[in-house]
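Structure data follow from upload-v6.tsv (TSV, C-alpha atoms):
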chain	number	residue	atom	x	y	z
E	107	MET	CA	0.00	0.00	0.00
E	108	PHE	CA	1.33	3.41	-0.94
E	109	LYS	CA	0.79	6.51	1.14
E	110	LEU	CA	1.71	10.15	0.59
E	111	GLU	CA	3.40	11.95	3.45
E	112	ARG	CA	4.16	15.65	3.52
E	113	ARG	CA	7.84	16.41	3.94
E	114	MET	CA	8.54	18.47	7.04
E	115	HIS	CA	11.85	19.70	5.66
E	116	ILE	CA	13.88	19.29	2.50
E	117	SER	CA	17.41	20.57	2.01
E	118	ARG	CA	18.19	23.07	-0.70
E	119	LYS	CA	20.60	20.60	-2.28
E	120	VAL	CA	17.99	17.85	-2.59
E	121	SER	CA	15.44	20.37	-3.85
E	122	SER	CA	17.83	21.57	-6.54
E	123	ILE	CA	18.59	17.99	-7.61
E	124	ILE	CA	14.87	17.23	-7.95
E	125	VAL	CA	14.30	20.31	-10.11
E	126	PHE	CA	17.36	19.52	-12.26
E	127	LEU	CA	16.20	15.94	-12.82
E	128	SER	CA	12.73	17.18	-13.75
E	129	PHE	CA	14.38	19.50	-16.27
E	130	LEU	CA	16.24	16.56	-17.83
E	131	LEU	CA	13.00	14.58	-17.82
E	132	ALA	CA	11.38	17.35	-19.86
E	133	PHE	CA	14.10	17.00	-22.50
E	134	PHE	CA	13.60	13.22	-22.60
E	135	VAL	CA	9.79	13.37	-22.78
E	136	THR	CA	9.87	16.02	-25.50
E	137	GLY	CA	12.40	13.98	-27.48
E	138	VAL	CA	10.24	10.84	-27.28
E	139	LEU	CA	7.13	12.81	-28.27
E	140	PHE	CA	8.76	14.41	-31.31
E	141	TYR	CA	10.40	11.13	-32.31
E	142	PHE	CA	7.01	9.47	-32.69
E	143	LEU	CA	5.84	12.50	-34.65
E	144	GLY	CA	8.61	11.91	-37.16
E	145	VAL	CA	10.91	14.75	-36.10
E	146	ASN	CA	14.69	14.35	-36.18
E	147	VAL	CA	15.26	14.74	-32.43
E	148	ILE	CA	19.03	15.08	-32.66
E	149	GLN	CA	18.71	17.92	-35.17
E	150	PHE	CA	15.94	19.48	-33.06
E	151	TYR	CA	18.18	19.71	-30.00
E	152	SER	CA	21.19	20.67	-32.10
E	153	VAL	CA	19.34	23.76	-33.31
E	154	ILE	CA	18.46	24.69	-29.73
E	155	CYS	CA	22.04	24.18	-28.53
E	156	SER	CA	23.43	26.23	-31.42
E	157	VAL	CA	21.58	29.28	-30.10
E	158	PHE	CA	23.72	29.31	-26.96
E	159	ILE	CA	27.08	28.79	-28.69
E	160	THR	CA	26.61	31.20	-31.60
E	161	PRO	CA	27.36	34.81	-30.51
E	162	ASN	CA	24.78	36.50	-32.73
E	163	LEU	CA	22.03	34.06	-31.75
E	164	LEU	CA	22.99	34.31	-28.08
E	165	ILE	CA	22.64	38.10	-28.23
E	166	GLN	CA	19.21	37.61	-29.78
E	167	ALA	CA	18.32	35.16	-27.01
E	168	VAL	CA	19.30	37.70	-24.37
E	169	PHE	CA	17.36	40.37	-26.26
E	170	ARG	CA	14.17	38.30	-26.18
E	171	SER	CA	14.69	37.16	-22.59
E	172	ILE	CA	14.59	40.60	-20.93
E	173	PRO	CA	10.78	40.96	-20.71
E	174	ILE	CA	10.56	37.36	-19.49
E	175	ILE	CA	13.17	38.06	-16.80
E	176	LEU	CA	11.47	41.25	-15.61
E	177	ALA	CA	8.04	39.62	-15.50
E	178	SER	CA	9.55	36.66	-13.62
E	179	LEU	CA	11.17	38.94	-11.03
E	180	GLY	CA	7.77	40.50	-10.47
E	181	LEU	CA	6.25	37.05	-9.98
E	182	VAL	CA	8.95	36.19	-7.44
E	183	VAL	CA	7.61	38.95	-5.20
E	184	ALA	CA	4.01	37.79	-5.62
E	185	PHE	CA	4.64	34.05	-5.24
E	186	ARG	CA	6.83	34.49	-2.17
E	187	MET	CA	4.00	36.25	-0.37
E	188	GLY	CA	1.49	33.59	-1.42
E	189	PHE	CA	-0.25	35.77	-4.01
E	190	TRP	CA	-0.62	33.62	-7.12
E	191	ASN	CA	-0.31	36.31	-9.74
E	192	ILE	CA	-1.10	34.84	-13.17
E	193	GLY	CA	-1.53	38.32	-14.62
E	194	ALA	CA	2.03	39.35	-15.52
E	195	GLU	CA	0.98	39.35	-19.18
E	196	GLY	CA	-1.72	41.94	-18.58
E	197	GLN	CA	0.51	43.99	-16.31
E	198	MET	CA	3.11	44.09	-19.09
E	199	TYR	CA	0.48	45.37	-21.51
E	200	LEU	CA	-0.46	48.15	-19.10
E	201	GLY	CA	3.23	49.02	-18.86
E	202	MET	CA	3.31	49.29	-22.65
E	203	VAL	CA	0.24	51.53	-22.63
E	204	ALA	CA	1.74	53.85	-20.01
E	205	ALA	CA	5.07	54.18	-21.85
E	206	THR	CA	3.31	54.84	-25.15
E	207	GLY	CA	1.05	57.39	-23.49
E	208	ILE	CA	4.08	59.35	-22.31
E	209	VAL	CA	5.49	59.32	-25.86
E	210	ILE	CA	2.18	60.58	-27.26
E	211	LEU	CA	2.09	63.37	-24.68
E	212	HIS	CA	5.56	64.39	-25.76
E	213	VAL	CA	5.08	64.07	-29.53
E	214	PHE	CA	1.77	65.91	-29.77
E	215	TYR	CA	1.83	68.21	-26.74
E	216	GLU	CA	5.55	68.46	-25.81
E	217	ALA	CA	4.55	67.83	-22.20
E	218	ILE	CA	7.68	65.87	-21.22
E	219	PRO	CA	11.27	67.16	-21.58
E	220	VAL	CA	13.51	65.06	-23.84
E	221	SER	CA	16.04	64.46	-21.07
E	222	LEU	CA	13.39	62.91	-18.82
E	223	MET	CA	11.60	60.74	-21.36
E	224	LEU	CA	13.04	57.33	-20.48
E	225	ALA	CA	12.82	57.99	-16.73
E	226	VAL	CA	9.19	59.13	-16.93
E	227	MET	CA	8.26	56.27	-19.28
E	228	SER	CA	9.75	53.64	-16.96
E	229	ALA	CA	8.11	55.19	-13.88
E	230	ALA	CA	4.74	55.35	-15.64
E	231	SER	CA	5.06	51.71	-16.74
E	232	PHE	CA	5.89	50.64	-13.19
E	233	LEU	CA	2.91	52.48	-11.74
E	234	ALA	CA	0.51	51.28	-14.43
E	235	GLY	CA	1.54	47.62	-14.06
E	236	GLY	CA	1.38	47.92	-10.28
E	237	ALA	CA	-2.06	49.56	-10.37
E	238	TRP	CA	-3.35	46.77	-12.64
E	239	CYS	CA	-2.13	44.19	-10.13
E	240	LEU	CA	-3.73	46.12	-7.28
E	241	ILE	CA	-7.20	45.34	-8.64
E	242	PRO	CA	-7.09	41.58	-7.89
E	243	ALA	CA	-5.03	42.25	-4.75
E	244	SER	CA	-7.74	44.56	-3.41
E	245	LEU	CA	-10.44	42.02	-4.23
E	246	LYS	CA	-8.50	39.36	-2.35
E	247	ALA	CA	-7.66	41.56	0.65
E	248	LYS	CA	-11.16	42.99	1.05
E	249	LEU	CA	-13.48	40.28	-0.28
E	250	GLY	CA	-11.38	37.13	-0.31
E	251	VAL	CA	-11.71	36.71	-4.10
E	252	ASN	CA	-9.39	34.10	-5.63
E	253	GLU	CA	-6.56	36.00	-7.31
E	254	ILE	CA	-5.81	33.28	-9.87
E	255	LEU	CA	-9.10	33.90	-11.66
E	256	THR	CA	-9.03	37.69	-11.48
E	257	THR	CA	-5.40	38.10	-12.58
E	258	LEU	CA	-5.97	35.70	-15.48
E	259	MET	CA	-9.13	37.46	-16.69
E	260	LEU	CA	-7.48	40.88	-16.44
E	261	ASN	CA	-4.89	39.71	-18.98
E	262	TYR	CA	-7.54	39.58	-21.70
E	263	ILE	CA	-8.97	42.94	-20.70
E	264	ALA	CA	-5.51	44.50	-20.98
E	265	MET	CA	-4.85	42.98	-24.41
E	266	LEU	CA	-8.22	44.12	-25.74
E	267	PHE	CA	-7.65	47.58	-24.29
E	268	VAL	CA	-4.43	47.81	-26.29
E	269	ASP	CA	-6.35	46.72	-29.40
E	270	TYR	CA	-8.89	49.49	-28.81
E	271	LEU	CA	-6.14	52.11	-28.49
E	272	VAL	CA	-4.11	51.18	-31.56
E	273	TYR	CA	-7.16	50.59	-33.75
E	274	GLY	CA	-8.76	53.78	-32.47
E	275	PRO	CA	-7.54	56.96	-30.76
E	276	TRP	CA	-3.82	56.10	-30.70
E	277	ARG	CA	-3.50	54.94	-34.30
E	278	ASP	CA	-0.64	56.64	-36.10
E	279	PRO	CA	-2.19	59.26	-38.46
E	280	GLU	CA	0.69	58.63	-40.87
E	281	GLY	CA	0.66	54.84	-40.51
E	282	TRP	CA	-1.30	54.05	-43.69
E	283	GLY	CA	-4.18	52.66	-41.67
E	284	PHE	CA	-2.15	50.00	-39.83
E	285	ALA	CA	-2.94	49.37	-36.16
E	286	LEU	CA	0.22	50.97	-34.80
E	287	SER	CA	0.95	53.89	-32.52
E	288	VAL	CA	3.30	56.68	-33.53
E	289	PRO	CA	6.94	55.49	-33.67
E	290	PHE	CA	9.03	56.30	-30.63
E	291	PRO	CA	11.71	59.00	-31.09
E	292	ASP	CA	15.32	57.85	-30.75
E	293	TYR	CA	15.61	59.44	-27.31
E	294	ALA	CA	12.65	57.36	-26.13
E	295	THR	CA	14.24	54.02	-27.06
E	296	LEU	CA	16.71	51.87	-25.14
E	297	THR	CA	19.79	51.83	-27.34
E	298	LEU	CA	22.62	51.85	-24.80
E	299	GLY	CA	25.84	50.64	-26.41
E	300	GLY	CA	24.15	50.30	-29.78
E	301	HIS	CA	21.88	47.41	-28.74
E	302	PRO	CA	18.86	47.38	-26.39
E	303	SER	CA	19.92	44.05	-24.84
E	304	ILE	CA	22.77	45.84	-23.01
E	305	ALA	CA	20.35	48.24	-21.33
E	306	GLY	CA	17.99	45.32	-20.72
E	307	ILE	CA	20.64	43.27	-18.92
E	308	ILE	CA	21.59	46.26	-16.76
E	309	ILE	CA	17.95	46.82	-15.81
E	310	SER	CA	17.40	43.11	-15.14
E	311	VAL	CA	20.47	42.78	-12.90
E	312	ALA	CA	19.50	45.96	-11.03
E	313	VAL	CA	15.95	44.73	-10.43
E	314	ALA	CA	17.18	41.26	-9.39
E	315	THR	CA	19.52	42.94	-6.90
E	316	LEU	CA	16.69	45.02	-5.45
E	317	VAL	CA	14.42	41.97	-5.14
E	318	TYR	CA	17.22	40.04	-3.43
E	319	ILE	CA	17.84	42.91	-1.00
E	320	LEU	CA	14.09	43.22	-0.35
E	321	PHE	CA	13.76	39.65	0.88
E	322	LYS	CA	17.20	39.26	2.42
E	323	TYR	CA	17.67	42.47	4.39
E	324	THR	CA	14.39	44.36	4.82
E	325	LYS	CA	11.62	44.04	7.37
E	326	PHE	CA	8.97	44.25	4.67
E	327	GLY	CA	10.56	41.33	2.83
E	328	PHE	CA	10.42	39.31	6.04
E	329	VAL	CA	6.72	40.15	6.35
E	330	LEU	CA	6.10	38.97	2.78
E	331	ASN	CA	7.93	35.70	3.45
E	332	VAL	CA	5.87	35.05	6.59
E	333	LEU	CA	2.69	35.91	4.70
E	334	GLY	CA	3.64	33.41	2.03
E	335	LYS	CA	4.15	30.66	4.60
E	336	SER	CA	0.90	31.28	6.45
E	337	SER	CA	-1.44	34.26	6.52
E	338	GLU	CA	-2.77	33.08	9.88
E	339	VAL	CA	0.69	33.18	11.42
E	340	ALA	CA	1.20	36.65	9.97
E	341	LYS	CA	-2.06	37.85	11.54
E	342	TYR	CA	-1.19	36.25	14.87
E	343	ALA	CA	2.18	38.02	14.82
E	344	GLY	CA	0.41	41.35	14.43
E	345	MET	CA	1.38	41.94	10.81
E	346	SER	CA	-0.90	43.94	8.54
E	347	VAL	CA	-1.80	41.26	6.00
E	348	GLY	CA	-3.99	43.51	3.87
E	349	ARG	CA	-1.41	46.29	3.61
E	350	ALA	CA	1.40	43.83	2.85
E	351	THR	CA	-0.70	42.16	0.14
E	352	LEU	CA	-1.46	45.48	-1.54
E	353	LEU	CA	2.08	46.84	-1.40
E	354	GLY	CA	3.63	43.54	-2.47
E	355	SER	CA	1.20	43.33	-5.39
E	356	LEU	CA	2.04	46.89	-6.41
E	357	ILE	CA	5.74	45.95	-6.54
E	358	SER	CA	5.04	42.68	-8.37
E	359	GLY	CA	2.86	44.25	-11.05
E	360	GLY	CA	5.17	47.24	-11.31
E	361	ILE	CA	8.19	45.10	-12.16
E	362	ALA	CA	6.13	43.27	-14.79
E	363	GLY	CA	5.12	46.69	-16.10
E	364	LEU	CA	8.82	47.45	-16.61
E	365	GLY	CA	8.89	44.41	-18.87
E	366	GLY	CA	6.20	46.07	-20.96
E	367	PHE	CA	8.26	49.25	-21.05
E	368	TYR	CA	11.19	47.26	-22.45
E	369	VAL	CA	8.99	45.62	-25.10
E	370	VAL	CA	7.80	48.90	-26.63
E	371	SER	CA	10.92	50.98	-25.97
E	372	GLY	CA	13.64	48.40	-26.55
E	373	MET	CA	12.17	45.79	-28.88
E	374	ILE	CA	9.43	47.27	-31.07
E	375	GLY	CA	9.72	51.05	-30.85
E	376	ARG	CA	5.95	51.57	-30.82
E	377	LEU	CA	2.74	49.98	-29.53
E	378	ARG	CA	0.95	47.37	-31.61
E	379	PRO	CA	-1.60	44.58	-31.00
E	380	ARG	CA	-0.27	41.39	-29.40
E	381	ALA	CA	3.07	43.01	-28.74
E	382	SER	CA	3.85	40.21	-26.29
E	383	PRO	CA	3.86	36.63	-27.64
E	384	GLY	CA	3.16	35.34	-24.14
E	385	TYR	CA	6.14	36.64	-22.18
E	386	GLY	CA	4.04	36.90	-19.02
E	387	TYR	CA	2.92	33.27	-19.22
E	388	THR	CA	6.43	32.03	-19.95
E	389	ALA	CA	7.55	33.96	-16.86
E	390	ILE	CA	5.47	31.62	-14.70
E	391	ILE	CA	7.52	28.64	-15.92
E	392	VAL	CA	10.78	30.54	-15.43
E	393	THR	CA	9.82	31.55	-11.89
E	394	MET	CA	8.98	28.00	-10.89
E	395	LEU	CA	12.13	26.64	-12.55
E	396	ALA	CA	14.26	29.16	-10.62
E	397	GLN	CA	12.52	28.20	-7.36
E	398	LEU	CA	11.69	31.86	-6.65
E	399	ASN	CA	15.39	32.76	-6.55
E	400	PRO	CA	15.94	36.18	-8.20
E	401	TRP	CA	19.50	35.30	-9.26
E	402	LEU	CA	18.45	32.04	-10.93
E	403	ILE	CA	15.79	33.97	-12.84
E	404	LEU	CA	18.53	35.47	-15.04
E	405	PRO	CA	19.94	32.24	-16.57
E	406	ALA	CA	16.52	30.60	-16.66
E	407	GLY	CA	15.07	33.59	-18.50
E	408	ILE	CA	17.92	33.61	-21.01
E	409	PHE	CA	17.33	29.90	-21.64
E	410	PHE	CA	13.70	30.52	-22.51
E	411	GLY	CA	14.68	33.51	-24.60
E	412	GLY	CA	16.96	31.09	-26.43
E	413	LEU	CA	14.03	28.74	-26.99
E	414	LEU	CA	12.07	31.56	-28.63
E	415	THR	CA	15.07	32.32	-30.84
E	416	ALA	CA	15.45	28.64	-31.68
E	417	GLY	CA	11.78	28.52	-32.66
E	418	ASP	CA	12.50	30.79	-35.63
E	419	ALA	CA	15.33	28.53	-36.78
E	420	LEU	CA	13.24	25.38	-36.35
E	421	GLN	CA	10.59	26.77	-38.67
E	422	SER	CA	13.11	27.33	-41.46
E	423	LEU	CA	15.38	24.31	-40.98
E	424	LEU	CA	13.03	21.53	-39.86
E	425	ARG	CA	9.75	22.95	-41.18
E	426	LEU	CA	8.32	22.80	-37.68
E	427	PRO	CA	5.59	25.21	-36.60
E	428	SER	CA	6.36	27.75	-33.86
E	429	SER	CA	4.07	25.76	-31.57
E	430	ALA	CA	6.84	23.11	-31.31
E	431	ILE	CA	8.64	25.36	-28.83
E	432	THR	CA	5.36	25.93	-26.98
E	433	VAL	CA	5.02	22.16	-26.63
E	434	PHE	CA	8.56	21.98	-25.22
E	435	GLN	CA	7.80	24.77	-22.75
E	436	SER	CA	4.59	23.03	-21.69
E	437	VAL	CA	6.41	19.77	-21.02
E	438	ILE	CA	8.99	21.66	-18.95
E	439	PHE	CA	6.18	23.23	-16.93
E	440	LEU	CA	4.51	19.87	-16.29
E	441	CYS	CA	7.80	18.36	-15.16
E	442	ILE	CA	8.40	21.33	-12.84
E	443	VAL	CA	4.94	20.77	-11.32
E	444	LEU	CA	5.90	17.13	-10.79
E	445	ALA	CA	9.14	18.24	-9.15
E	446	GLU	CA	7.21	20.59	-6.86
E	447	PHE	CA	4.97	17.68	-5.85
E	448	LEU	CA	8.01	15.51	-5.05
E	449	ARG	CA	9.54	18.39	-3.05
E	450	ARG	CA	6.44	18.65	-0.91
E	451	TYR	CA	5.50	14.99	-0.54
E	452	ARG	CA	7.16	11.60	-0.43
E	453	ILE	CA	5.75	8.19	-1.26
E	454	VAL	CA	5.90	5.72	1.64
E	455	LEU	CA	5.29	2.00	1.28
E	456	LYS	CA	2.95	0.70	3.99
E	457	ARG	CA	2.34	-2.95	4.75
E	458	TRP	CA	-1.17	-4.31	5.18
E	459	LYS	CA	-1.96	-5.22	8.75
E	460	GLN	CA	-3.19	-8.78	9.23
Represent the structure of the file as C-alpha cells.
Amino acid sequence: MFKLERRMHISRKVSSIIVFLSFLLAFFVTGVLFYFLGVNVIQFYSVICSVFITPNLLIQAVFRSIPIILASLGLVVAFRMGFWNIGAEGQMYLGMVAATGIVILHVFYEAIPVSLMLAVMSAASFLAGGAWCLIPASLKAKLGVNEILTTLMLNYIAMLFVDYLVYGPWRDPEGWGFALSVPFPDYATLTLGGHPSIAGIIISVAVATLVYILFKYTKFGFVLNVLGKSSEVAKYAGMSVGRATLLGSLISGGIAGLGGFYVVSGMIGRLRPRASPGYGYTAIIVTMLAQLNPWLILPAGIFFGGLLTAGDALQSLLRLPSSAITVFQSVIFLCIVLAEFLRRYRIVLKRWKQ
C-alpha cells in the first residue's frame, strides 16, 4: 500500500537535484514525443544548442529574454508572499500603454522634456503595471476573491484595451491605416551601447539585486515571506496582512510593467496589437524553474529567450511550426509541477496489517 506523506523539511541541495532531474526529464519526454511525430530529435536539440554557442544568436536570445526576466522577477515577489499572480501578461500590456502614453504626450503636446523621457516612461510603466495588479489584490484583501481567476481574466482585458487604443484613438495618423501607434523617437528608445539588450541586462540585474535585498535584508521582505508561509501566522504576529498584500502586489505588477516598457521601448519602438507573444505566461515557468530565486531567474530567463530564438530557426530548418517550442515549454512546466509535488510529498510503502 502506498501513502503520501508531507515532507517536514527538504534541504536546498535535494530540492535543486529534484528540479534539475525534472528538467532533464522534460528533454527526454519532449524527445520521445517528437520522435514518434517523425521529427529528427538530434537535429531538433542541435538547433536549440546552437543558439547558446553562436554569438549573434545568443545576443538575440538575451534580447528576447529581458521581458521574461522582468516579468519573472515581479512574480517572485508575488509568489513568495502567497499571491498567485497569473496576470504578468496583462501587467506588461499596461506598462506598454503607459510608456506609449508618455510618448504621445511628448510628440503631440511636448509635455515631457527630452532628457526625462526614459525615466518618466519607466516610472509610468511601473505604476501602471502595479495599479493593474492592485485590482485583484484589493479584491482578495477585502473580499477574499481568488486572485488566480481575477489576474488571469485581467490579462484579456488589458490585451483588448491595447487593441482598442491602436485601432482607435492612438493609431498613427501617418501609418497608412495600420494598427500601430506613432513610432518612438530615438531618445525614447533603449539603445545603450548600440543594442537594447545591453540596457535590458543592466535593468534586469539591477531589479534582481533590489528583489534580493528586499527579501534578504528588509523588514517588509520578512513580512512577505511570513505571509507566504501562512497568513494566519502573519495575523497572529500582528502583521498587517492587507497592507502587505497590496504593497507587495504593487511591486510585483510594477516590475512586470517594466517588462512592458522594455517591449515597446527596446524591442518594437511603438505599440501594436499582441506586442507580447506570451512573455508573461512564460515567466510563470521561469519563476517555478528558478525556485523563486531572483539570481536564478537570469539564466533561466535567457534559456527561454533562447528557446524563442530557436523557434525561428526550427521553422526554417526543420519545417516545424512555432508551436513546437510551446510544446517543449509546456512539457517543462509539467515536469516542474511534478518536481514541486516531489519536493512537498514523499511516497511511503505501507504494509497491510493482518
Check: Which is closer to Ala445 (chain E) than all the others in E:Ser152, E:Ser336, E:Gln397, E:Ser171, using only C-alpha atoms?
Finding: E:Gln397
Sel. within 6 Å of pt (9.0, 34.9, -24.3), counting all atoms listed in the file, output as a PDB file with C-alpha atoms, in the coordinates of the input:
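For reference, selection.pdb as written:
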ATOM      1  CA  ILE E 174      10.560  37.360 -19.490  1.00  0.00           C
ATOM      2  CA  GLY E 384       3.160  35.340 -24.140  1.00  0.00           C
ATOM      3  CA  TYR E 385       6.140  36.640 -22.180  1.00  0.00           C
ATOM      4  CA  THR E 388       6.430  32.030 -19.950  1.00  0.00           C
ATOM      5  CA  GLY E 411      14.680  33.510 -24.600  1.00  0.00           C
TER       6      GLY E 411
END
Item checked: Residue contacts of region 314-316 of chain E (12 Å, all atoms listed in the file) excluding same-chain residues fewer than 3 positions away, as number ranges by chain -> E: 172, 175-183, 307-311, 319-324, 327, 357, 361, 398-405
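Shortest atom-to-atom contact with Phe267 (chain E) among E:Asn162, E:Ser358, E:Asn331, E:Gln197: E:Gln197, counting only C-alpha atoms.
Closest to Ile116 (chain E) among E:Thr206, E:His301, E:Arg450, E:Thr136 is E:Arg450, based on all atoms listed in the file.
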Checklist line | Residues within 8 Å of region 434-438 of chain E, all atoms listed in the file, excluding chain neighbours under 4 positions, as a PyMOL selection string | finding: chain E and resi 128-129+132-133+135-136+388+391+430+442
Note to self: I'd like the interatomic distance between CA of Met198 (chain E) and CA of Met394 (chain E), to a tenth of an Å.
What the structure shows: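 The value is 19.0 Å.
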Note to self: Measuring between all atoms listed in the file, which one of E:Phe447, E:Phe409, E:Tyr293, E:Tyr368 shows the shortest distance to His212 (chain E)?
What the structure shows: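 Among the listed residues, the smallest separation from His212 (chain E) belongs to E:Tyr293.
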Check: What separation in Å, quoted to one decimal, exists between CA of Gly386 (chain E) and CA of Met223 (chain E)?
Finding: 25.1 Å
Near-region 230-234 of chain E list (8 Å; all atoms listed in the file; drop same-chain fewer than 4 positions) as a PDB file with C-alpha atoms, in the frame of the given file:
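Output file around16.pdb is given in full below:
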ATOM      1  CA  GLN E 197       0.510  43.990 -16.310  1.00  0.00           C
ATOM      2  CA  LEU E 200      -0.460  48.150 -19.100  1.00  0.00           C
ATOM      3  CA  GLY E 201       3.230  49.020 -18.860  1.00  0.00           C
ATOM      4  CA  MET E 202       3.310  49.290 -22.650  1.00  0.00           C
ATOM      5  CA  VAL E 203       0.240  51.530 -22.630  1.00  0.00           C
ATOM      6  CA  ALA E 204       1.740  53.850 -20.010  1.00  0.00           C
ATOM      7  CA  ALA E 205       5.070  54.180 -21.850  1.00  0.00           C
ATOM      8  CA  ILE E 208       4.080  59.350 -22.310  1.00  0.00           C
ATOM      9  CA  VAL E 226       9.190  59.130 -16.930  1.00  0.00           C
ATOM     10  CA  TRP E 238      -3.350  46.770 -12.640  1.00  0.00           C
ATOM     11  CA  LEU E 356       2.040  46.890  -6.410  1.00  0.00           C
ATOM     12  CA  GLY E 359       2.860  44.250 -11.050  1.00  0.00           C
ATOM     13  CA  GLY E 360       5.170  47.240 -11.310  1.00  0.00           C
ATOM     14  CA  ILE E 361       8.190  45.100 -12.160  1.00  0.00           C
ATOM     15  CA  ALA E 362       6.130  43.270 -14.790  1.00  0.00           C
ATOM     16  CA  GLY E 363       5.120  46.690 -16.100  1.00  0.00           C
ATOM     17  CA  LEU E 364       8.820  47.450 -16.610  1.00  0.00           C
ATOM     18  CA  GLY E 366       6.200  46.070 -20.960  1.00  0.00           C
ATOM     19  CA  PHE E 367       8.260  49.250 -21.050  1.00  0.00           C
TER      20      PHE E 367
END
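Proximity to Pro219 (chain E) was assessed for E:Met114, E:Ala184, E:Ala237, E:Ala294 counting all atoms listed in the file; the smallest distance is recorded for E:Ala294.
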Notebook entry, point to check: Pick from E:Thr415, E:Thr295, E:Ser221, E:Gln149: nearest to Gly375 (chain E), with all atoms listed in the file counted?
Noted result: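 Among E:Thr415, E:Thr295, E:Ser221, E:Gln149, it is E:Thr295 that comes nearest to Gly375 (chain E).
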